[in-house]
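Engineer: Once you've had a glance at the structure underneath, I'll fire off some questions.
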Number of protein chains: 2
Amino acid sequence: MINYPNGSKPKKQTTKVPSKRKNITKSAANRGMALEKLISAANDYYLMHDIALFTKRPTPINVVKIDYAKGAKITNAYFEKQSTTDFNGVYKNRYFDFEAKSTRLKTSFPLNNIYEHQITHLENVIRHGGIAFFIVEFTAFDEYYVLSAADVIDFYRNGDRKSIPYASFKEKGVLVRLGLNPVLDYLPAVIKLFNL
Amino acid sequence: MINYPNGSKPKKQTTKVPSKRKNITKSAANRGMALEKLISAANDYYLMHDIALFTKRPTPINVVKIDYAKGAKITNAYFEKQSTTDFNGVYKNRYFDFEAKSTRLKTSFPLNNIYEHQITHLENVIRHGGIAFFIVEFTAFDEYYVLSAADVIDFYRNGDRKSIPYASFKEKGVLVRLGLNPVLDYLPAVIKLFNL
């Protein structure tokens with residue numbers, strides 16, 4: 001799925017959905033696409049209430065051609081894979097780094113949409129004392145789990161399986177309690193998971 | 001000056017220099033443009049030697065039009081102003097957030113290329129316990145100073161002047177000792193400035 005820089009998605013593009021998603025229900029697709037927005041809304045809340053500062057990294061774009069005659073208009077460019085993660089920031093002096101993923105499956109979270117670069121990056125974050133984790137949405141259950149990057153890396157590096165069982169999220173992760181404002185109040189789950 | 005995402009600048013564009021820079025010597029222009037690269041080279045060194053993890057935020061780009069028939073080719077987009085800062089990361093658990101700027105002036109560093117958004121962001125970083133600073137290059141002297149964001153904010157918010165005197169960098173900042181590898185070994189200056 002293509003990620004757009006914050007607020008840059010023009011209205012006329014909002015009906016565009018990657019073709020492989022066309023066969024799923026609209027509500028599930030919306031929910032999946034909404035994860036990043038739910039996190040950004042929570043981040044806005046945390047910032048507004050002086051709780052923490054988390055920001056989304058802009059989507060990396062490979063610029064091929066610029067038309068300087070038209071005020072530096074980019075006329076040829078491609079989306080790049082994020083080599084790090086979607087979000088990072090600071091809570092009580094500590095560095096936070098995390099990635100958000102969504103799955104429609106009911107029994108496991110597939111690891112094939114996590115890139116080797118991201119795993120390496122998260123290993124580096126952990127080595128330097130950062131708080132590294134994933135927020136994973138199971139759209140079928142409307143559930144969101146915080147799972148430590150260390151656990152995800154363990155499955156990625158040491159498992160012969162290509163996914164993390166749903167049961168492992170219940171066992172090793174912390175379920176995010178959904179609220180009204182913010183809806184996805186994920187920080188208490190992170191604090192509990194890491195004993196912060 | 002337009003910033004390009006890492007490694008995305010095509011070869012044929014490398015001779016393009018903003019017109020206002022054409023009247024300065026080529027070496028100074030190169031040096032100015034090189035600051036970001038010097039920092040990234042230092043960051044590579046710190047990562048390689050397990051000292052710290054600092055990454056550059058991708059340049060935010062406002063995507064207006066995508067041609068899906070050509071494999072999601074972006075055909076109309078514009079560079080956006082960075083609403084946060086260029087770099088952030090982690091050193092010994094602590095969150096770091098910093099911006100790099102270069103000036104050709106000999107007597108002061110002009111504040112007009114720092115945006116209100118960036119100042120607000122750095123104020124938030126400080127409030128949440130992050131280490132926030134600027135790396136400022138005086139190309140005329142081939143000198144690089146680390147100055148706390150708190151000091152820059154003080155000049156920005158409370159001064160009636162539109163620049164920070166060169167003397168203030170000597171007084172309040174720490175000069176980066178240039179080396180061979182990495183050339184711009186800025187971290188010791190940060191450690192000294194913040195007593196880390």
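Chain labels follow the order of the structure tokens: the first chain is A, the next B, and so on; residue numbering restarts at 1 in every chain, and ligands are counted from 1 in their shown order.
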What are the nearest atom pairs, with distances in Å to one decimal, for all residues of range 72-171 of chain A that come at most 6 Å from range 76-88 of chain B, using only C-alpha atoms, set out by chain and rising residue number as a tab-separated table?

Structural biologist:
```
residue	atom	partner	partner_atom	distance
A:Lys73	CA	B:Tyr78	CA	5.4
A:Ile74	CA	B:Ala77	CA	4.9
A:Thr75	CA	B:Asn76	CA	5.1
```

Engineer: Could you write out that same residue set with C-alpha atoms as a short mmCIF file (atom, residue, chain, number, x, y, z; two decimals), in the first residue's frame?

Structural biologist:
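New file selection.cif:
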```cif
data_model
loop_
_atom_site.label_atom_id
_atom_site.label_comp_id
_atom_site.auth_asym_id
_atom_site.auth_seq_id
_atom_site.Cartn_x
_atom_site.Cartn_y
_atom_site.Cartn_z
CA LYS A 73 7.89 21.00 -9.79
CA ILE A 74 8.74 17.31 -9.47
CA THR A 75 7.64 15.63 -12.69
#
```

Engineer: Could you give me chain A least-squares fitted onto chain B (all C-alpha atoms, paired in order), as an mmCIF file with C-alpha atoms, in the first residue's frame?

Structural biologist:
```
data_model
loop_
_atom_site.group_PDB
_atom_site.id
_atom_site.type_symbol
_atom_site.label_atom_id
_atom_site.label_comp_id
_atom_site.auth_asym_id
_atom_site.auth_seq_id
_atom_site.Cartn_x
_atom_site.Cartn_y
_atom_site.Cartn_z
ATOM 1 C CA MET A 1 18.168 25.201 -1.202
ATOM 2 C CA ILE A 2 16.398 22.062 -2.227
ATOM 3 C CA ASN A 3 17.223 18.944 -0.289
ATOM 4 C CA TYR A 4 17.155 15.643 -2.030
ATOM 5 C CA PRO A 5 16.272 12.337 -0.406
ATOM 6 C CA ASN A 6 19.388 10.292 0.319
ATOM 7 C CA GLY A 7 21.033 9.046 -2.807
ATOM 8 C CA SER A 8 18.168 10.058 -5.027
ATOM 9 C CA LYS A 9 19.876 12.902 -6.808
ATOM 10 C CA PRO A 10 20.541 11.759 -10.349
ATOM 11 C CA LYS A 11 23.949 12.425 -11.850
ATOM 12 C CA LYS A 12 22.706 14.728 -14.561
ATOM 13 C CA GLN A 13 21.261 17.047 -11.921
ATOM 14 C CA THR A 14 24.476 17.526 -9.958
ATOM 15 C CA THR A 15 25.468 20.695 -11.788
ATOM 16 C CA LYS A 16 22.176 22.385 -10.944
ATOM 17 C CA VAL A 17 22.673 25.025 -8.286
ATOM 18 C CA PRO A 18 19.996 27.462 -7.104
ATOM 19 C CA SER A 19 20.578 30.706 -8.997
ATOM 20 C CA LYS A 20 21.224 32.825 -5.924
ATOM 21 C CA ARG A 21 24.277 30.701 -5.219
ATOM 22 C CA LYS A 22 25.832 31.139 -8.654
ATOM 23 C CA ASN A 23 27.732 34.264 -7.623
ATOM 24 C CA ILE A 24 29.672 32.578 -4.843
ATOM 25 C CA THR A 25 32.757 30.525 -5.279
ATOM 26 C CA LYS A 26 32.244 26.935 -6.246
ATOM 27 C CA SER A 27 34.241 25.625 -3.304
ATOM 28 C CA ALA A 28 32.066 27.496 -0.785
ATOM 29 C CA ALA A 29 28.908 26.276 -2.480
ATOM 30 C CA ASN A 30 30.207 22.734 -2.397
ATOM 31 C CA ARG A 31 31.154 23.083 1.221
ATOM 32 C CA GLY A 32 27.702 24.439 2.090
ATOM 33 C CA MET A 33 25.979 21.622 0.266
ATOM 34 C CA ALA A 34 28.345 19.151 1.812
ATOM 35 C CA LEU A 35 27.286 19.783 5.428
ATOM 36 C CA GLU A 36 24.428 17.301 5.289
ATOM 37 C CA LYS A 37 26.722 14.726 3.723
ATOM 38 C CA LEU A 38 29.390 15.292 6.383
ATOM 39 C CA ILE A 39 26.783 14.696 9.076
ATOM 40 C CA SER A 40 25.460 11.592 7.357
ATOM 41 C CA ALA A 41 29.035 10.283 7.032
ATOM 42 C CA ALA A 42 29.562 10.853 10.763
ATOM 43 C CA ASN A 43 26.243 9.118 11.471
ATOM 44 C CA ASP A 44 27.360 6.137 9.390
ATOM 45 C CA TYR A 45 30.553 6.022 11.445
ATOM 46 C CA TYR A 46 28.671 6.231 14.768
ATOM 47 C CA LEU A 47 26.356 3.437 13.684
ATOM 48 C CA MET A 48 29.166 1.244 12.380
ATOM 49 C CA HIS A 49 31.116 1.636 15.621
ATOM 50 C CA ASP A 50 28.083 1.113 17.852
ATOM 51 C CA ILE A 51 28.274 4.628 19.261
ATOM 52 C CA ALA A 52 24.862 6.025 18.363
ATOM 53 C CA LEU A 53 22.008 5.821 15.877
ATOM 54 C CA PHE A 54 21.031 9.027 14.110
ATOM 55 C CA THR A 55 18.966 9.111 10.936
ATOM 56 C CA LYS A 56 17.983 11.783 8.481
ATOM 57 C CA ARG A 57 14.308 12.405 8.022
ATOM 58 C CA PRO A 58 13.322 12.090 4.368
ATOM 59 C CA THR A 59 12.522 15.376 2.655
ATOM 60 C CA PRO A 60 8.753 15.848 2.821
ATOM 61 C CA ILE A 61 7.204 15.967 -0.616
ATOM 62 C CA ASN A 62 3.657 16.987 -1.410
ATOM 63 C CA VAL A 63 2.395 14.531 -4.011
ATOM 64 C CA VAL A 64 -0.235 16.010 -6.325
ATOM 65 C CA LYS A 65 -0.551 13.429 -9.081
ATOM 66 C CA ILE A 66 0.328 9.774 -9.538
ATOM 67 C CA ASP A 67 0.222 7.852 -12.790
ATOM 68 C CA TYR A 68 -0.831 4.353 -11.767
ATOM 69 C CA ALA A 69 -0.628 3.116 -15.349
ATOM 70 C CA LYS A 70 3.138 3.630 -15.145
ATOM 71 C CA GLY A 71 3.739 1.748 -11.883
ATOM 72 C CA ALA A 72 2.789 4.519 -9.460
ATOM 73 C CA LYS A 73 5.001 7.100 -11.119
ATOM 74 C CA ILE A 74 4.696 10.498 -9.447
ATOM 75 C CA THR A 75 4.192 13.060 -12.205
ATOM 76 C CA ASN A 76 3.402 16.154 -10.173
ATOM 77 C CA ALA A 77 4.795 16.963 -6.748
ATOM 78 C CA TYR A 78 6.497 19.706 -4.779
ATOM 79 C CA PHE A 79 9.101 19.886 -2.050
ATOM 80 C CA GLU A 80 7.597 20.925 1.283
ATOM 81 C CA LYS A 81 9.254 22.799 4.096
ATOM 82 C CA GLN A 82 10.437 20.443 6.814
ATOM 83 C CA SER A 83 8.081 21.054 9.740
ATOM 84 C CA THR A 84 10.380 19.352 12.204
ATOM 85 C CA THR A 85 14.162 18.957 11.827
ATOM 86 C CA ASP A 86 16.616 17.147 9.578
ATOM 87 C CA PHE A 87 17.963 14.567 12.010
ATOM 88 C CA ASN A 88 16.977 12.608 15.073
ATOM 89 C CA GLY A 89 17.993 9.450 16.829
ATOM 90 C CA VAL A 90 19.272 7.815 19.973
ATOM 91 C CA TYR A 91 22.470 7.906 22.021
ATOM 92 C CA LYS A 92 22.604 5.952 25.295
ATOM 93 C CA ASN A 93 18.808 5.729 25.582
ATOM 94 C CA ARG A 94 18.412 9.479 25.065
ATOM 95 C CA TYR A 95 16.454 11.077 22.259
ATOM 96 C CA PHE A 96 18.454 13.454 20.038
ATOM 97 C CA ASP A 97 16.956 15.944 17.617
ATOM 98 C CA PHE A 98 18.955 18.405 15.564
ATOM 99 C CA GLU A 99 19.130 20.664 12.572
ATOM 100 C CA ALA A 100 22.111 21.535 10.358
ATOM 101 C CA LYS A 101 22.592 24.984 8.886
ATOM 102 C CA SER A 102 25.320 26.713 6.955
ATOM 103 C CA THR A 103 26.144 30.380 6.520
ATOM 104 C CA ARG A 104 28.627 32.290 4.409
ATOM 105 C CA LEU A 105 28.510 35.314 6.702
ATOM 106 C CA LYS A 106 31.459 36.060 8.974
ATOM 107 C CA THR A 107 29.843 38.023 11.774
ATOM 108 C CA SER A 108 26.532 36.281 12.435
ATOM 109 C CA PHE A 109 24.192 33.421 11.632
ATOM 110 C CA PRO A 110 20.901 34.691 10.144
ATOM 111 C CA LEU A 111 17.745 33.260 11.709
ATOM 112 C CA ASN A 112 15.529 33.765 8.674
ATOM 113 C CA ASN A 113 16.119 30.261 7.370
ATOM 114 C CA ILE A 114 14.776 28.669 10.528
ATOM 115 C CA TYR A 115 11.032 28.209 10.439
ATOM 116 C CA GLU A 116 8.584 28.852 13.272
ATOM 117 C CA HIS A 117 7.461 25.192 12.964
ATOM 118 C CA GLN A 118 10.991 24.007 13.632
ATOM 119 C CA ILE A 119 11.354 26.236 16.681
ATOM 120 C CA THR A 120 8.051 24.935 18.078
ATOM 121 C CA HIS A 121 9.151 21.373 17.402
ATOM 122 C CA LEU A 122 12.458 21.902 19.230
ATOM 123 C CA GLU A 123 10.645 23.490 22.182
ATOM 124 C CA ASN A 124 8.567 20.313 22.373
ATOM 125 C CA VAL A 125 11.679 18.142 22.172
ATOM 126 C CA ILE A 126 13.262 20.022 25.084
ATOM 127 C CA ARG A 127 10.086 19.798 27.169
ATOM 128 C CA HIS A 128 10.080 16.021 26.773
ATOM 129 C CA GLY A 129 13.708 15.677 27.781
ATOM 130 C CA GLY A 130 15.303 15.312 24.380
ATOM 131 C CA ILE A 131 18.763 16.633 23.499
ATOM 132 C CA ALA A 132 18.098 19.395 20.975
ATOM 133 C CA PHE A 133 20.753 21.365 19.129
ATOM 134 C CA PHE A 134 21.963 22.947 15.924
ATOM 135 C CA ILE A 135 25.126 22.228 13.983
ATOM 136 C CA VAL A 136 26.041 25.515 12.317
ATOM 137 C CA GLU A 137 28.749 25.840 9.707
ATOM 138 C CA PHE A 138 30.591 29.096 9.107
ATOM 139 C CA THR A 139 31.945 28.368 5.647
ATOM 140 C CA ALA A 140 34.218 31.435 5.685
ATOM 141 C CA PHE A 141 36.211 29.941 8.563
ATOM 142 C CA ASP A 142 35.597 26.265 7.857
ATOM 143 C CA GLU A 143 34.240 26.078 11.409
ATOM 144 C CA TYR A 144 31.337 24.034 12.732
ATOM 145 C CA TYR A 145 29.661 24.797 16.050
ATOM 146 C CA VAL A 146 27.209 22.847 18.138
ATOM 147 C CA LEU A 147 24.783 25.248 19.817
ATOM 148 C CA SER A 148 21.912 24.135 22.035
ATOM 149 C CA ALA A 149 18.443 24.597 20.576
ATOM 150 C CA ALA A 150 17.566 26.340 23.847
ATOM 151 C CA ASP A 151 20.070 29.092 22.998
ATOM 152 C CA VAL A 152 18.849 29.361 19.413
ATOM 153 C CA ILE A 153 15.263 29.545 20.637
ATOM 154 C CA ASP A 154 16.255 32.268 23.110
ATOM 155 C CA PHE A 155 17.672 34.375 20.266
ATOM 156 C CA TYR A 156 14.655 33.583 18.076
ATOM 157 C CA ARG A 157 12.007 34.317 20.696
ATOM 158 C CA ASN A 158 13.543 37.036 22.823
ATOM 159 C CA GLY A 159 16.030 38.870 20.668
ATOM 160 C CA ASP A 160 14.998 41.822 18.541
ATOM 161 C CA ARG A 161 17.827 40.877 16.249
ATOM 162 C CA LYS A 162 17.441 38.618 13.289
ATOM 163 C CA SER A 163 20.660 36.735 13.711
ATOM 164 C CA ILE A 164 22.978 35.120 16.243
ATOM 165 C CA PRO A 165 26.383 36.836 16.511
ATOM 166 C CA TYR A 166 29.399 34.744 15.586
ATOM 167 C CA ALA A 167 30.824 35.610 19.021
ATOM 168 C CA SER A 168 27.857 33.896 20.695
ATOM 169 C CA PHE A 169 28.809 30.617 19.053
ATOM 170 C CA LYS A 170 32.279 30.946 20.556
ATOM 171 C CA GLU A 171 30.796 31.847 23.935
ATOM 172 C CA LYS A 172 27.823 29.465 24.220
ATOM 173 C CA GLY A 173 28.574 26.767 21.670
ATOM 174 C CA VAL A 174 31.231 24.125 21.277
ATOM 175 C CA LEU A 175 33.535 24.052 18.254
ATOM 176 C CA VAL A 176 33.636 20.694 16.483
ATOM 177 C CA ARG A 177 37.183 19.373 16.151
ATOM 178 C CA LEU A 178 37.574 18.195 12.578
ATOM 179 C CA GLY A 179 39.107 14.790 12.053
ATOM 180 C CA LEU A 180 39.869 12.322 9.347
ATOM 181 C CA ASN A 181 37.225 9.690 9.982
ATOM 182 C CA PRO A 182 34.678 10.956 10.531
ATOM 183 C CA VAL A 183 35.595 14.427 9.281
ATOM 184 C CA LEU A 184 32.771 16.115 11.173
ATOM 185 C CA ASP A 185 32.999 14.232 14.466
ATOM 186 C CA TYR A 186 30.288 16.345 16.122
ATOM 187 C CA LEU A 187 29.140 13.972 18.866
ATOM 188 C CA PRO A 188 31.975 14.781 21.349
ATOM 189 C CA ALA A 189 30.991 18.461 21.059
ATOM 190 C CA VAL A 190 27.364 17.570 21.857
ATOM 191 C CA ILE A 191 28.433 15.412 24.811
ATOM 192 C CA LYS A 192 30.559 18.281 26.154
ATOM 193 C CA LEU A 193 27.851 20.908 25.621
ATOM 194 C CA PHE A 194 25.162 18.898 27.412
ATOM 195 C CA ASN A 195 27.459 17.257 29.978
ATOM 196 C CA LEU A 196 26.342 13.802 28.862
#
```

Engineer: Please identify the strand (DSSP E or B) residues within chain B (assignment by DSSP from backbone atoms) and present them as a VMD selection string.

Structural biologist: chain B and resid 53 to 56 61 to 67 73 to 79 87 to 91 94 to 103 108 to 110 131 to 138 143 to 148 163 to 165 174 to 175 178 184

Engineer: So that I can check the secondary structure, give me every residue of range 33-178 of chain B assigned alpha helix (DSSP H) by backbone DSSP, as a PyMOL selection string.

Structural biologist: chain B and resi 33-48+116-127+149-158+166-172
